[in-house]
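final06.cif (mmCIF, C-alpha atoms; chains and numbers go by the auth columns) appears below.
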data_run
loop_
_atom_site.group_PDB
_atom_site.id
_atom_site.type_symbol
_atom_site.label_atom_id
_atom_site.label_comp_id
_atom_site.label_asym_id
_atom_site.label_seq_id
_atom_site.Cartn_x
_atom_site.Cartn_y
_atom_site.Cartn_z
_atom_site.B_iso_or_equiv
_atom_site.auth_seq_id
_atom_site.auth_asym_id
ATOM 1 C CA MET A 1 -22.795 -47.230 18.610 0.00 520 A
ATOM 2 C CA LYS A 2 -19.842 -48.534 16.637 0.00 521 A
ATOM 3 C CA VAL A 3 -16.775 -46.465 15.887 0.00 522 A
ATOM 4 C CA GLY A 4 -14.996 -47.359 12.659 0.00 523 A
ATOM 5 C CA LEU A 5 -11.321 -47.203 11.931 0.00 524 A
ATOM 6 C CA VAL A 6 -10.296 -44.553 9.432 0.00 525 A
ATOM 7 C CA VAL A 7 -7.567 -45.792 7.149 0.00 526 A
ATOM 8 C CA GLY A 8 -5.433 -43.399 5.155 0.00 527 A
ATOM 9 C CA SER A 9 -3.621 -40.217 5.833 0.00 528 A
ATOM 10 C CA PHE A 10 -5.061 -36.960 7.037 0.00 529 A
ATOM 11 C CA LYS A 11 -3.804 -35.239 3.858 0.00 530 A
ATOM 12 C CA GLU A 12 -5.981 -37.280 1.483 0.00 531 A
ATOM 13 C CA GLY A 13 -9.117 -35.193 1.892 0.00 532 A
ATOM 14 C CA ILE A 14 -7.356 -31.848 2.072 0.00 533 A
ATOM 15 C CA GLU A 15 -6.013 -29.954 -0.887 0.00 534 A
ATOM 16 C CA MET A 16 -2.457 -29.067 -0.001 0.00 535 A
ATOM 17 C CA LYS A 17 -1.368 -25.661 -1.266 0.00 536 A
ATOM 18 C CA ARG A 18 2.281 -25.177 -2.004 0.00 537 A
ATOM 19 C CA PRO A 19 3.872 -21.840 -2.718 0.00 538 A
ATOM 20 C CA GLN A 20 4.522 -21.309 -6.387 0.00 539 A
ATOM 21 C CA TYR A 21 8.197 -21.273 -7.335 0.00 540 A
ATOM 22 C CA PRO A 22 8.716 -18.241 -9.593 0.00 541 A
ATOM 23 C CA GLY A 23 11.699 -19.835 -11.321 0.00 542 A
ATOM 24 C CA PRO A 24 15.289 -18.669 -11.329 0.00 543 A
ATOM 25 C CA GLN A 25 15.920 -14.993 -10.871 0.00 544 A
ATOM 26 C CA LYS A 26 18.795 -13.205 -12.553 0.00 545 A
ATOM 27 C CA VAL A 27 21.038 -11.567 -9.997 0.00 546 A
ATOM 28 C CA MET A 28 23.917 -9.332 -11.076 0.00 547 A
ATOM 29 C CA THR A 29 27.118 -8.110 -9.466 0.00 548 A
ATOM 30 C CA VAL A 30 28.209 -4.464 -9.353 0.00 549 A
ATOM 31 C CA ARG A 31 30.275 -4.893 -12.517 0.00 550 A
ATOM 32 C CA GLU A 32 27.448 -6.651 -14.344 0.00 551 A
ATOM 33 C CA VAL A 33 24.822 -4.052 -13.441 0.00 552 A
ATOM 34 C CA ALA A 34 27.259 -1.255 -14.337 0.00 553 A
ATOM 35 C CA ALA A 35 27.733 -2.788 -17.793 0.00 554 A
ATOM 36 C CA TYR A 36 23.974 -3.377 -18.083 0.00 555 A
ATOM 37 C CA LEU A 37 23.295 0.314 -17.332 0.00 556 A
ATOM 38 C CA SER A 38 26.348 1.556 -19.266 0.00 557 A
ATOM 39 C CA VAL A 39 27.835 3.381 -16.278 0.00 558 A
ATOM 40 C CA HIS A 40 31.050 3.077 -14.277 0.00 559 A
ATOM 41 C CA PRO A 41 30.995 0.731 -11.245 0.00 560 A
ATOM 42 C CA SER A 42 31.751 3.713 -8.974 0.00 561 A
ATOM 43 C CA THR A 43 28.423 5.215 -10.103 0.00 562 A
ATOM 44 C CA ILE A 44 26.663 2.052 -8.941 0.00 563 A
ATOM 45 C CA TYR A 45 28.391 2.231 -5.555 0.00 564 A
ATOM 46 C CA ARG A 46 27.363 5.898 -5.224 0.00 565 A
ATOM 47 C CA LEU A 47 23.726 5.050 -6.045 0.00 566 A
ATOM 48 C CA VAL A 48 23.794 2.206 -3.491 0.00 567 A
ATOM 49 C CA ARG A 49 25.269 4.507 -0.814 0.00 568 A
ATOM 50 C CA GLN A 50 22.486 7.027 -1.467 0.00 569 A
ATOM 51 C CA ASN A 51 19.776 4.310 -1.484 0.00 570 A
ATOM 52 C CA GLN A 52 18.813 5.311 -5.018 0.00 571 A
ATOM 53 C CA ILE A 53 19.061 1.882 -6.664 0.00 572 A
ATOM 54 C CA PRO A 54 17.475 -1.410 -5.534 0.00 573 A
ATOM 55 C CA ALA A 55 20.196 -3.660 -4.149 0.00 574 A
ATOM 56 C CA PHE A 56 20.859 -6.250 -1.469 0.00 575 A
ATOM 57 C CA ARG A 57 23.945 -7.641 0.213 0.00 576 A
ATOM 58 C CA ILE A 58 25.335 -11.130 0.240 0.00 577 A
ATOM 59 C CA GLY A 59 28.048 -10.984 2.846 0.00 578 A
ATOM 60 C CA SER A 60 30.055 -7.902 1.952 0.00 579 A
ATOM 61 C CA ASP A 61 29.082 -7.927 -1.740 0.00 580 A
ATOM 62 C CA TRP A 62 26.234 -6.018 -3.366 0.00 581 A
ATOM 63 C CA ARG A 63 23.820 -7.812 -5.668 0.00 582 A
ATOM 64 C CA PHE A 64 21.071 -6.552 -7.957 0.00 583 A
ATOM 65 C CA ASN A 65 17.934 -8.318 -9.158 0.00 584 A
ATOM 66 C CA ILE A 66 17.527 -7.612 -12.877 0.00 585 A
ATOM 67 C CA GLU A 67 13.725 -7.379 -12.607 0.00 586 A
ATOM 68 C CA ALA A 68 14.004 -4.797 -9.816 0.00 587 A
ATOM 69 C CA ILE A 69 16.583 -2.857 -11.861 0.00 588 A
ATOM 70 C CA ASP A 70 14.295 -2.848 -14.918 0.00 589 A
ATOM 71 C CA ARG A 71 11.350 -1.557 -12.820 0.00 590 A
ATOM 72 C CA TRP A 72 13.636 1.071 -11.273 0.00 591 A
ATOM 73 C CA ARG A 73 14.804 2.202 -14.738 0.00 592 A
ATOM 74 C CA LEU A 74 11.197 2.632 -15.875 0.00 593 A
ATOM 75 C CA GLN A 75 10.404 4.715 -12.781 0.00 594 A
ATOM 76 C CA GLN A 76 13.409 6.964 -13.378 0.00 595 A
ATOM 77 C CA GLY A 77 11.900 8.220 -16.621 0.00 596 A
ATOM 78 C CA LYS A 78 8.575 9.212 -15.022 0.00 597 A
ATOM 79 C CA PRO A 79 8.376 12.877 -13.949 0.00 598 A
ATOM 80 C CA GLY A 80 6.901 13.590 -10.534 0.00 599 A
ATOM 81 C CA ASP A 81 8.042 10.360 -8.855 0.00 600 A
#
Represent the structure contained in this file as structure tokens.
Amino acid sequence: MKVGLVVGSFKEGIEMKRPQYPGPQKVMTVREVAAYLSVHPSTIYRLVRQNQIPAFRIGSDWRFNIEAIDRWRLQQGKPGD
């Protein structure tokens, strides 16, 4: 029985799946989201303190994803949530 030499890389016969890059996401500061929502920045800080608005920290600064804010705004208008 003869054993042949396989030439080529292991990846050739396998479909490699890469995670899809969703593209750039708009992230806002406290001042930007306050202007976007037409409220005072202190209102944003109060909502963050009470865990009532979607936010995340970068170091000591709060940031807000615009898509998460838009979903949150839509949910605020729904009674019973």
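The space separating CA of Arg590 in chain A from CA of Gln569 in chain A comes to 18.1 Å.
Every protein, DNA or RNA residue with an atom at most 12 Å from Arg592 in chain A, where only C-alpha atoms count and chain neighbours fewer than 4 positions away do not, is listed here: Val552, Tyr555, Leu556, Gln571, Ile572, Pro573, Ile585, Glu586, Ala587, Ile588, Gly596 and Lys597 of chain A.
If you look at CA of Met547 in chain A and CA of Arg565 in chain A, they are 16.7 Å away from each other.
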Checklist entry - CA of Ala574 in chain A and CA of Gln539 in chain A are how many Å apart? => result 23.7 Å
Checklist entry - Within 10 Å of Ala553 in chain A, counting all atoms listed in the file, which residues qualify if same-chain residues fewer than 6 places away don't, as a list in words? => result Met547, His559, Pro560, Ser561, Thr562, Ile563 and Tyr564 of chain A
Dump as a PDB file, in the coordinates of the input, selection limited to C-alpha atoms:
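Result file part-v5.pdb:
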ATOM      1  CA  MET A 547      23.917  -9.332 -11.076  1.00  0.00           C
ATOM      2  CA  HIS A 559      31.050   3.077 -14.277  1.00  0.00           C
ATOM      3  CA  PRO A 560      30.995   0.731 -11.245  1.00  0.00           C
ATOM      4  CA  SER A 561      31.751   3.713  -8.974  1.00  0.00           C
ATOM      5  CA  THR A 562      28.423   5.215 -10.103  1.00  0.00           C
ATOM      6  CA  ILE A 563      26.663   2.052  -8.941  1.00  0.00           C
ATOM      7  CA  TYR A 564      28.391   2.231  -5.555  1.00  0.00           C
TER       8      TYR A 564
END
Checklist outcome for this item: The residue from A:Ala554, A:Gly578, A:Val549, A:Gln594 with the smallest atom-to-atom distance to Leu566 in chain A, counting all atoms listed in the file, is A:Val549
